Each structure stands twice: as C-alpha cells, then as structure tokens.
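Below is input.csv, holding CSV, C-alpha atoms.
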chain,number,residue,atom,x,y,z
T,1,MET,CA,1.2,32.8,-63.4
T,2,ARG,CA,0.7,33.5,-59.7
T,3,GLU,CA,-3.1,33.0,-60.2
T,4,LEU,CA,-2.5,29.4,-61.3
T,5,PHE,CA,-1.7,28.4,-57.8
T,6,ASP,CA,-3.9,30.9,-55.9
T,7,GLU,CA,-6.8,28.4,-56.0
T,8,VAL,CA,-4.7,25.4,-54.7
T,9,ALA,CA,-2.3,27.1,-52.3
T,10,GLY,CA,-4.5,26.6,-49.3
T,11,LYS,CA,-5.0,28.9,-46.3
T,12,SER,CA,-2.8,27.2,-43.8
T,13,PRO,CA,1.0,27.4,-43.9
T,14,LEU,CA,1.0,24.1,-42.1
T,15,ASP,CA,-0.4,22.0,-45.0
T,16,PRO,CA,0.4,22.8,-48.7
T,17,ARG,CA,-2.3,20.3,-49.8
T,18,GLU,CA,-5.1,21.8,-47.7
T,19,ALA,CA,-7.1,23.3,-50.6
T,20,SER,CA,-5.6,21.4,-53.5
T,21,ARG,CA,-8.9,19.7,-54.1
T,22,LYS,CA,-10.3,23.0,-55.4
T,23,SER,CA,-8.3,22.6,-58.5
T,24,SER,CA,-10.7,20.1,-59.9
T,25,ARG,CA,-13.2,23.0,-60.2
T,26,THR,CA,-10.7,25.5,-61.5
T,27,PRO,CA,-10.4,25.9,-65.3
T,28,LEU,CA,-6.8,25.1,-66.4
T,29,ARG,CA,-4.8,27.9,-67.9
T,30,LYS,CA,-3.1,27.6,-71.3
T,31,ARG,CA,0.6,27.1,-71.4
T,32,PHE,CA,2.1,30.5,-72.3
T,33,TYR,CA,5.9,29.8,-72.3
T,34,THR,CA,8.4,27.8,-74.4
T,35,SER,CA,10.7,26.4,-71.7
T,36,ALA,CA,11.5,26.5,-68.0
T,37,GLY,CA,15.0,26.9,-66.6
T,38,VAL,CA,17.0,27.7,-63.5
T,39,ALA,CA,19.0,30.9,-62.6
T,40,GLU,CA,21.2,31.4,-59.6
T,41,GLY,CA,20.4,34.5,-57.6
T,42,PRO,CA,20.2,36.1,-54.1
T,43,GLU,CA,17.2,33.9,-53.1
T,44,GLY,CA,19.0,30.7,-54.2
T,45,PHE,CA,18.2,28.9,-57.4
T,46,THR,CA,15.2,30.5,-59.1
T,47,VAL,CA,12.9,28.8,-61.5
T,48,THR,CA,12.4,30.8,-64.7
T,49,LEU,CA,10.0,30.6,-67.7
T,50,ASP,CA,11.6,31.8,-70.9
T,51,GLY,CA,14.3,33.4,-68.8
T,52,LYS,CA,11.9,35.3,-66.5
T,53,PRO,CA,11.7,34.4,-62.8
T,54,ILE,CA,8.5,32.9,-61.5
T,55,ARG,CA,6.8,34.2,-58.4
T,56,THR,CA,4.7,32.4,-55.8
T,57,PRO,CA,1.1,33.3,-55.0
T,58,GLY,CA,2.6,35.4,-52.2
T,59,ARG,CA,4.6,37.3,-54.7
T,60,ASN,CA,7.9,35.8,-53.6
T,61,PRO,CA,10.5,34.4,-56.0
T,62,LEU,CA,10.0,30.7,-56.6
T,63,ALA,CA,13.5,29.6,-55.5
T,64,ALA,CA,15.0,26.5,-53.9
T,65,PRO,CA,18.1,26.2,-51.7
T,66,THR,CA,19.7,23.7,-54.1
T,67,ARG,CA,20.0,23.5,-57.9
T,68,GLU,CA,18.7,19.9,-57.8
T,69,LEU,CA,15.4,21.0,-56.3
T,70,ALA,CA,15.1,24.0,-58.6
T,71,GLU,CA,15.7,21.8,-61.6
T,72,ALA,CA,13.1,19.4,-60.5
T,73,MET,CA,10.6,22.2,-60.2
T,74,ALA,CA,11.6,23.5,-63.7
T,75,ALA,CA,11.0,19.9,-65.0
T,76,GLU,CA,7.5,20.1,-63.6
T,77,TRP,CA,6.8,23.2,-65.6
T,78,ASP,CA,8.5,21.8,-68.7
T,79,ALA,CA,6.3,18.7,-68.5
T,80,GLN,CA,3.1,20.7,-68.8
T,81,ALA,CA,1.2,20.1,-72.1
T,82,ASP,CA,-1.3,22.6,-73.7
T,83,ASN,CA,-2.7,23.4,-70.2
T,84,ILE,CA,-1.0,24.0,-66.9
T,85,ASP,CA,-2.2,21.7,-64.2
T,86,PRO,CA,-1.0,22.7,-60.7
T,87,MET,CA,-2.0,19.3,-59.3
T,88,SER,CA,0.7,17.7,-61.5
T,89,MET,CA,3.3,19.9,-59.9
T,90,PRO,CA,3.6,18.7,-56.3
T,91,LEU,CA,7.1,20.0,-55.8
T,92,THR,CA,6.2,23.5,-57.0
T,93,ARG,CA,3.1,23.5,-54.7
T,94,LEU,CA,5.3,22.4,-51.8
T,95,ALA,CA,7.8,25.2,-52.6
T,96,ASN,CA,4.9,27.8,-52.6
T,97,SER,CA,3.8,26.6,-49.2
T,98,VAL,CA,7.3,26.7,-47.7
T,99,ILE,CA,8.2,30.1,-49.2
T,100,ASP,CA,4.9,31.8,-48.5
T,101,GLY,CA,4.0,30.2,-45.2
T,102,VAL,CA,6.5,27.9,-43.4
T,103,VAL,CA,9.3,30.4,-43.4
T,104,LYS,CA,7.2,32.9,-41.4
T,105,ASP,CA,7.0,30.5,-38.4
T,106,VAL,CA,9.1,27.4,-38.9
T,107,GLN,CA,8.7,26.4,-35.2
T,108,ALA,CA,4.9,26.4,-35.4
T,109,VAL,CA,5.0,24.0,-38.4
T,110,ALA,CA,7.6,21.7,-36.6
T,111,ASP,CA,5.4,21.8,-33.4
T,112,ASP,CA,2.3,20.8,-35.4
T,113,ALA,CA,4.1,17.8,-36.9
T,114,ALA,CA,5.6,16.8,-33.6
T,115,LYS,CA,2.1,16.3,-32.1
T,116,TYR,CA,2.1,13.0,-34.0
T,117,PHE,CA,4.8,11.7,-31.6
T,118,GLU,CA,2.0,11.5,-29.0
T,119,THR,CA,-0.5,9.6,-31.2
T,120,ASP,CA,1.7,8.0,-33.8
T,121,LEU,CA,0.3,5.3,-36.2
T,122,LEU,CA,3.1,2.9,-35.1
T,123,PHE,CA,1.9,2.8,-31.5
T,124,TYR,CA,-1.5,1.2,-32.1
T,125,ARG,CA,-1.5,-2.4,-33.1
T,126,ALA,CA,-4.1,-4.9,-34.2
T,127,GLY,CA,-5.2,-7.6,-31.8
T,128,PHE,CA,-6.0,-10.1,-34.6
T,129,PRO,CA,-5.5,-11.8,-37.0
T,130,ASP,CA,-2.0,-13.1,-36.4
T,131,ALA,CA,-0.9,-12.4,-40.0
T,132,LEU,CA,-1.8,-8.7,-39.7
T,133,ILE,CA,-0.1,-8.5,-36.3
T,134,ALA,CA,3.0,-9.9,-37.9
T,135,ARG,CA,2.9,-7.6,-40.9
T,136,GLN,CA,2.6,-4.5,-38.7
T,137,ALA,CA,5.6,-5.7,-36.6
T,138,GLU,CA,7.6,-6.3,-39.8
T,139,HIS,CA,7.1,-2.8,-41.0
T,140,TRP,CA,6.9,-0.8,-37.8
T,141,ASP,CA,9.1,-2.5,-35.2
T,142,PRO,CA,12.5,-1.6,-36.9
T,143,VAL,CA,11.5,2.1,-36.8
T,144,LEU,CA,10.6,1.9,-33.1
T,145,ARG,CA,13.9,0.0,-32.4
T,146,TRP,CA,15.8,2.7,-34.2
T,147,ALA,CA,14.1,5.4,-32.3
T,148,ALA,CA,14.9,3.7,-29.0
T,149,ASP,CA,18.5,2.7,-29.8
T,150,ASP,CA,19.6,5.8,-31.7
T,151,LEU,CA,17.4,8.6,-30.3
T,152,GLY,CA,16.7,7.3,-26.8
T,153,ALA,CA,13.0,7.5,-27.5
T,154,HIS,CA,11.2,4.6,-25.8
T,155,PHE,CA,7.5,4.6,-26.8
T,156,ILE,CA,4.6,2.6,-25.4
T,157,LEU,CA,2.6,0.3,-27.7
T,158,ALA,CA,-1.1,-0.4,-27.4
T,159,GLU,CA,-3.6,-2.9,-28.8
T,160,GLY,CA,-6.6,-1.2,-30.5
T,161,VAL,CA,-7.3,2.5,-30.6
T,162,ILE,CA,-7.5,3.4,-27.0
T,163,HIS,CA,-5.2,6.4,-26.4
T,164,VAL,CA,-2.0,5.8,-24.5
T,165,THR,CA,-0.1,8.7,-23.0
T,166,GLN,CA,3.5,8.5,-24.2
T,167,PRO,CA,6.5,9.3,-21.9
T,168,GLU,CA,7.5,12.9,-22.0
T,169,THR,CA,11.1,11.8,-22.3
T,170,ALA,CA,10.4,9.8,-25.4
T,171,VAL,CA,8.5,12.6,-27.1
T,172,ALA,CA,11.3,15.1,-26.3
T,173,ALA,CA,14.0,12.7,-27.6
T,174,ALA,CA,12.1,12.3,-30.9
T,175,ARG,CA,11.5,16.0,-31.2
T,176,SER,CA,15.2,16.7,-30.8
T,177,ALA,CA,15.8,14.8,-34.1
T,178,LEU,CA,13.4,17.0,-36.1
T,179,PRO,CA,14.8,19.2,-38.9
T,180,ALA,CA,15.2,22.9,-38.1
T,181,ASP,CA,15.1,24.8,-41.5
T,182,ALA,CA,12.0,25.8,-43.4
T,183,TRP,CA,12.3,23.5,-46.4
T,184,PRO,CA,12.9,20.2,-44.6
T,185,VAL,CA,10.4,21.2,-41.9
T,186,GLY,CA,7.7,21.8,-44.5
T,187,ALA,CA,8.6,18.5,-46.2
T,188,PHE,CA,8.6,16.7,-42.9
T,189,HIS,CA,5.1,18.1,-42.1
T,190,VAL,CA,3.8,16.8,-45.4
T,191,ALA,CA,5.3,13.4,-45.0
T,192,THR,CA,3.9,13.2,-41.5
T,193,THR,CA,0.4,14.1,-42.3
T,194,LEU,CA,0.3,11.9,-45.4
T,195,THR,CA,1.5,8.8,-43.5
T,196,GLY,CA,0.0,9.5,-40.1
T,197,SER,CA,3.4,9.0,-38.5
T,198,ALA,CA,6.0,11.4,-37.5
T,199,LEU,CA,8.2,8.4,-36.7
T,200,LEU,CA,8.0,7.2,-40.3
T,201,ALA,CA,8.8,10.8,-41.5
T,202,LEU,CA,11.7,10.9,-39.1
T,203,ALA,CA,13.0,7.5,-40.4
T,204,LEU,CA,12.8,8.9,-43.9
T,205,LYS,CA,14.6,12.1,-43.0
T,206,HIS,CA,17.5,10.1,-41.3
T,207,GLY,CA,17.8,7.5,-44.0
T,208,VAL,CA,16.6,4.6,-41.9
T,209,LEU,CA,13.9,3.8,-44.5
T,210,ASP,CA,13.6,4.8,-48.1
T,211,ALA,CA,10.5,6.4,-49.5
T,212,ALA,CA,9.0,3.2,-50.8
T,213,GLN,CA,9.5,1.5,-47.4
T,214,VAL,CA,7.9,4.4,-45.6
T,215,TRP,CA,4.9,4.5,-48.0
T,216,ALA,CA,4.4,0.7,-47.6
T,217,ALA,CA,4.7,1.0,-43.8
T,218,ALA,CA,2.1,3.7,-43.7
T,219,HIS,CA,-0.4,1.6,-45.6
T,220,VAL,CA,-0.1,-1.8,-43.9
T,221,ASP,CA,-3.7,-1.8,-42.7
T,222,GLU,CA,-5.0,-0.4,-46.0
T,223,ASP,CA,-3.1,-3.0,-48.0
T,224,TRP,CA,-4.3,-5.8,-45.8
T,225,ASN,CA,-7.9,-4.8,-46.4
T,226,ARG,CA,-7.3,-4.4,-50.1
T,227,GLU,CA,-6.0,-7.9,-50.3
T,228,LYS,CA,-8.9,-9.3,-48.3
T,229,TRP,CA,-11.8,-7.3,-49.8
T,230,GLY,CA,-10.5,-6.1,-53.2
T,231,ALA,CA,-9.5,-2.7,-54.6
T,232,ASP,CA,-11.6,0.4,-54.5
T,233,GLU,CA,-11.1,2.8,-57.4
T,234,GLU,CA,-11.8,6.0,-55.5
T,235,VAL,CA,-9.4,4.9,-52.7
T,236,ASP,CA,-6.7,4.0,-55.2
T,237,ALA,CA,-7.1,7.4,-56.9
T,238,ARG,CA,-6.8,9.3,-53.7
T,239,ARG,CA,-3.8,7.3,-52.7
T,240,ALA,CA,-2.1,7.9,-56.0
T,241,SER,CA,-2.7,11.7,-55.6
T,242,LYS,CA,-1.3,11.6,-52.1
T,243,PHE,CA,1.7,9.6,-53.2
T,244,ARG,CA,2.7,12.4,-55.6
T,245,ASP,CA,2.8,14.9,-52.8
T,246,PHE,CA,4.7,12.4,-50.6
T,247,GLU,CA,7.3,11.8,-53.3
T,248,ALA,CA,7.9,15.6,-53.5
T,249,ALA,CA,8.3,15.8,-49.7
T,250,ALA,CA,10.6,12.8,-49.8
T,251,LYS,CA,12.7,14.4,-52.5
T,252,VAL,CA,13.2,17.5,-50.4
T,253,LEU,CA,14.2,15.4,-47.3
T,254,ARG,CA,16.7,13.4,-49.4
T,255,THR,CA,18.2,16.4,-51.0
T,256,LEU,CA,18.5,18.5,-47.8
Write-out of the structure in structure tokens:
Amino acid sequence: MRELFDEVAGKSPLDPREASRKSSRTPLRKRFYTSAGVAEGPEGFTVTLDGKPIRTPGRNPLAAPTRELAEAMAAEWDAQADNIDPMSMPLTRLANSVIDGVVKDVQAVADDAAKYFETDLLFYRAGFPDALIARQAEHWDPVLRWAADDLGAHFILAEGVIHVTQPETAVAAARSALPADAWPVGAFHVATTLTGSALLALALKHGVLDAAQVWAAAHVDEDWNREKWGADEEVDARRASKFRDFEAAAKVLRTL
C-alpha cells in the first residue's frame, strides 16, 4: 500500500501537497482490505488494515500521537470505495509528510512557515473600494489586534502590494508563539501556505479563530471578486481541493 502514496507524497518535507496533482494521472488501486482500525503501540496509535499496520512511503509506521487522529485516518481508509484515492485522504497524506519528512528537521519547517510573518496576507490592504476595505478590516483586524495585545507583535500595514519591512521585534514575538513538535508544525505549515498567512494559522492554533473563520479571512479578496464577477468552476474546484487539506491541518492543530 506504500506505492499508493509514492506518487502523491511530494519531494519536499515542507509541503505535503507539493506533488499531489500527479495523482490525477496515476491509476487508482483496487481496495484490497475489509476494514481499517487503530492499534496502540510504541510509535503511538497505528492505523491498521485488517489488523495489519500500514506503513508510509518512507517505510515508517503510519501512526499518530493521539487516538483521535489515528481514528480519523482509519476513517479515511474505511471510506474508500472500490478504488483507493489518496487525494480523498488528506489527513493520511499529511501524516505521511510529517512522519517521513517533518520529523527529520522540525525547525526547518517551522522557519519556512515563519517567513510569512514578513510578508503576511493581512499586512497588505486594498485602497478601494470602501466596501472591500471594510471587509478586510472586519476579518483581519481582530487577528492583528490579538497579535499585538497577546503576543506583543506590532506589525505595519500597507496599501497595495509594495513590500513593507516588518519590525524584527514583531516577527520575533510572533515566531515565539509557533508550535514546536513535528505534527503541529507540519499542520501549521500547511495552514500557512494554503491561506497565505502565518498569522491566520497562528490564530487557528491558539483558538482565536475557528477553521471556518480562518478560511473566510483567507479568501476575502477572492470572495469579493466572485461576488462581483461571478463564479469560476476551475477556481472553485481548486479551492475545494485545498479546503480538504486545510481541514486536515486544522484538525491536527485543534487536536494537539
């Protein structure tokens, strides 16, 4: 079963979604098991198929630090029909990335996500129209106030897309609130890259916003354009695919 995920595991430990698009060209394998389950062992809570443990593409046990996460992965395997589609198993793919990649250099993954504190989505505001300005402020300002009041991270806002250098003290204060362990760091990285905002990912991790609020805040501009110009089927499909990965990352951050 390791081969099922070899084509979608990606080459970078920093992004479990990196090569997921390849799966559209990979023939799906037939389901070969009756049921998925969870067994407790030295690695944590291992996912099993018909009582036998699953291994990641890197030949490591597919195990989670909590039973809740392992049971959620087992549910993904149980939900497969005649064929096994790795793209319908976002939590399993995230686990593969964490186990095979992130654990080897947790700090490098955290550092990669922390780069967003210097160019975060929330810093760059529209100059017009007034309604869009107000909507950005409604979704984004509470997160910035929380970062300033609770973390001591005071960031500078700008109009347009001209880069603004953020105070080193603000970046350092925000970085100090990052998770430290492999699973939450991997999930944090996914949430950051999908939303374009490490601050939104941080607000999710610390319970300032829930997953639905974070996802809405990350798509203020896109939703504004959608309301003005109408829907685009391809854009909507890509967004739905990304949301499944975001939900998996949010579940890890909530659980841990």
Residues at most 12 Å from segment 144-153 of chain T, counting all atoms listed in the file, excluding those fewer than 5 positions away in the same chain, as a ChimeraX atom specification?
-> /T:117-118,120-123,136-139,166-178,197-204,206-209
Quick one: residues within 10 Å of Ala72 of chain T, all atoms listed in the file counted, chain neighbours fewer than 6 positions away excluded, as an mmCIF file with C-alpha atoms, keeping the file's coordinate frame?
data_model
loop_
_atom_site.group_PDB
_atom_site.id
_atom_site.type_symbol
_atom_site.label_atom_id
_atom_site.label_comp_id
_atom_site.auth_asym_id
_atom_site.auth_seq_id
_atom_site.Cartn_x
_atom_site.Cartn_y
_atom_site.Cartn_z
ATOM 1 C CA GLY T 37 15.000 26.900 -66.600
ATOM 2 C CA VAL T 38 17.000 27.700 -63.500
ATOM 3 C CA VAL T 47 12.900 28.800 -61.500
ATOM 4 C CA ALA T 64 15.000 26.500 -53.900
ATOM 5 C CA ASP T 78 8.500 21.800 -68.700
ATOM 6 C CA MET T 89 3.300 19.900 -59.900
ATOM 7 C CA LEU T 91 7.100 20.000 -55.800
ATOM 8 C CA THR T 92 6.200 23.500 -57.000
ATOM 9 C CA ALA T 248 7.900 15.600 -53.500
ATOM 10 C CA LYS T 251 12.700 14.400 -52.500
#
Closest of T:Asp210, T:Asp232, T:Ala113, T:Asn225 to Thr192 of chain T, counting only C-alpha atoms, is T:Ala113
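Of the residues listed (T:Val190, T:Ala74, T:Ile133, T:Leu49), T:Val190 shows the shortest atom-to-atom separation from Ala114 of chain T; distances use all atoms listed in the file.
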So what do you get for atom CA of Ala216 of chain T versus atom CA of Phe243 of chain T, distance-wise?
-> 10.9 Å
Atom pair atom CA of Ala63 of chain T + atom CA of Tyr33 of chain T, distance 18.4 Å
Spatial sel., origin (3.1, 3.9, -45.2), limit 9 Å, only C-alpha atoms, listed as a PyMOL selection string | chain T and resi 139+194-197+200+211-220
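Counting all atoms listed in the file and comparing T:Gly230, T:Pro65, T:Gly127, T:Pro53, the residue that lies closest to Leu256 of chain T is T:Pro65.
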How close does segment 114-185 of chain T get to segment 100-108 of chain T? List, as JSON lines, each residue of segment 114-185 of chain T within 8 Å, its nearest atom pair and the distance in Å to one decimal, counting all atoms listed in the file.
{"residue": "T:Ala180", "atom": "CA", "partner": "T:Val106", "partner_atom": "CA", "distance": 7.6}
{"residue": "T:Asp181", "atom": "CA", "partner": "T:Val106", "partner_atom": "CA", "distance": 7.0}
{"residue": "T:Ala182", "atom": "CA", "partner": "T:Val103", "partner_atom": "CA", "distance": 5.3}
{"residue": "T:Trp183", "atom": "CA", "partner": "T:Val102", "partner_atom": "CA", "distance": 7.9}
{"residue": "T:Val185", "atom": "CA", "partner": "T:Val106", "partner_atom": "CA", "distance": 7.0}
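When atom CA of Val235 of chain T is paired with atom CA of Pro90 of chain T, their separation reads 19.3 Å.
Comparing the minimum interatomic distances between Ala158 of chain T and each of T:Phe188, T:Ser241, T:Ala110, T:Arg125, counting all atoms listed in the file, we find that T:Arg125 sits nearest.
Closest approach to Ser88 of chain T from the set T:Arg31, T:Val252, T:Arg244, T:Thr119 is made by T:Arg244, with distances taken over all atoms listed in the file.
Comparing the minimum interatomic distances between Asp221 of chain T and each of T:Thr48, T:Trp140, T:Arg93, T:Phe246, counting only C-alpha atoms, we find that T:Trp140 sits nearest.
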Limit the output to C-alpha atoms and give segment 142-202 of chain T as a PDB file, in the first residue's frame.
ATOM      1  CA  PRO T 142      -9.086  41.223  15.098  1.00  0.00           C
ATOM      2  CA  VAL T 143      -6.137  38.898  14.372  1.00  0.00           C
ATOM      3  CA  LEU T 144      -3.695  41.790  14.245  1.00  0.00           C
ATOM      4  CA  ARG T 145      -5.083  43.191  17.500  1.00  0.00           C
ATOM      5  CA  TRP T 146      -4.686  39.793  19.145  1.00  0.00           C
ATOM      6  CA  ALA T 147      -1.107  39.524  17.888  1.00  0.00           C
ATOM      7  CA  ALA T 148      -0.332  42.976  19.293  1.00  0.00           C
ATOM      8  CA  ASP T 149      -2.145  42.611  22.621  1.00  0.00           C
ATOM      9  CA  ASP T 150      -1.383  38.980  23.475  1.00  0.00           C
ATOM     10  CA  LEU T 151       1.921  38.354  21.703  1.00  0.00           C
ATOM     11  CA  GLY T 152       3.429  41.839  21.663  1.00  0.00           C
ATOM     12  CA  ALA T 153       3.761  41.600  17.870  1.00  0.00           C
ATOM     13  CA  HIS T 154       3.050  45.040  16.382  1.00  0.00           C
ATOM     14  CA  PHE T 155       3.060  44.837  12.590  1.00  0.00           C
ATOM     15  CA  ILE T 156       2.980  47.585   9.954  1.00  0.00           C
ATOM     16  CA  LEU T 157       0.172  47.702   7.391  1.00  0.00           C
ATOM     17  CA  ALA T 158       0.455  48.945   3.817  1.00  0.00           C
ATOM     18  CA  GLU T 159      -1.857  49.860   0.973  1.00  0.00           C
ATOM     19  CA  GLY T 160      -1.311  47.873  -2.199  1.00  0.00           C
ATOM     20  CA  VAL T 161       1.449  45.332  -2.780  1.00  0.00           C
ATOM     21  CA  ILE T 162       4.583  47.356  -2.149  1.00  0.00           C
ATOM     22  CA  HIS T 163       6.729  45.411   0.309  1.00  0.00           C
ATOM     23  CA  VAL T 164       6.964  46.787   3.824  1.00  0.00           C
ATOM     24  CA  THR T 165       9.773  45.634   6.101  1.00  0.00           C
ATOM     25  CA  GLN T 166       8.297  44.459   9.372  1.00  0.00           C
ATOM     26  CA  PRO T 167       9.919  45.234  12.749  1.00  0.00           C
ATOM     27  CA  GLU T 168      12.245  42.471  13.871  1.00  0.00           C
ATOM     28  CA  THR T 169      10.657  42.605  17.315  1.00  0.00           C
ATOM     29  CA  ALA T 170       7.220  41.895  15.842  1.00  0.00           C
ATOM     30  CA  VAL T 171       8.469  38.968  13.777  1.00  0.00           C
ATOM     31  CA  ALA T 172      10.338  37.537  16.766  1.00  0.00           C
ATOM     32  CA  ALA T 173       7.290  37.874  19.018  1.00  0.00           C
ATOM     33  CA  ALA T 174       5.077  36.051  16.519  1.00  0.00           C
ATOM     34  CA  ARG T 175       7.681  33.330  15.983  1.00  0.00           C
ATOM     35  CA  SER T 176       7.773  32.675  19.714  1.00  0.00           C
ATOM     36  CA  ALA T 177       4.152  31.517  19.536  1.00  0.00           C
ATOM     37  CA  LEU T 178       4.818  28.847  16.900  1.00  0.00           C
ATOM     38  CA  PRO T 179       4.290  25.185  17.797  1.00  0.00           C
ATOM     39  CA  ALA T 180       7.419  23.135  18.480  1.00  0.00           C
ATOM     40  CA  ASP T 181       6.537  19.491  17.757  1.00  0.00           C
ATOM     41  CA  ALA T 182       6.518  17.770  14.365  1.00  0.00           C
ATOM     42  CA  TRP T 183       2.793  17.162  13.960  1.00  0.00           C
ATOM     43  CA  PRO T 184       1.544  20.673  14.828  1.00  0.00           C
ATOM     44  CA  VAL T 185       4.463  22.247  12.944  1.00  0.00           C
ATOM     45  CA  GLY T 186       3.605  20.249   9.826  1.00  0.00           C
ATOM     46  CA  ALA T 187      -0.058  21.192  10.139  1.00  0.00           C
ATOM     47  CA  PHE T 188       0.836  24.825  10.803  1.00  0.00           C
ATOM     48  CA  HIS T 189       2.940  24.900   7.638  1.00  0.00           C
ATOM     49  CA  VAL T 190       0.074  23.534   5.560  1.00  0.00           C
ATOM     50  CA  ALA T 191      -2.410  26.026   7.037  1.00  0.00           C
ATOM     51  CA  THR T 192       0.027  28.877   6.403  1.00  0.00           C
ATOM     52  CA  THR T 193       0.763  28.041   2.777  1.00  0.00           C
ATOM     53  CA  LEU T 194      -2.901  27.415   1.962  1.00  0.00           C
ATOM     54  CA  THR T 195      -4.082  30.705   3.467  1.00  0.00           C
ATOM     55  CA  GLY T 196      -1.039  32.836   2.656  1.00  0.00           C
ATOM     56  CA  SER T 197      -0.961  33.920   6.270  1.00  0.00           C
ATOM     57  CA  ALA T 198       1.094  32.657   9.190  1.00  0.00           C
ATOM     58  CA  LEU T 199      -0.939  34.982  11.413  1.00  0.00           C
ATOM     59  CA  LEU T 200      -4.188  33.292  10.429  1.00  0.00           C
ATOM     60  CA  ALA T 201      -2.570  29.896  11.050  1.00  0.00           C
ATOM     61  CA  LEU T 202      -1.374  31.165  14.423  1.00  0.00           C
TER      62      LEU T 202
END
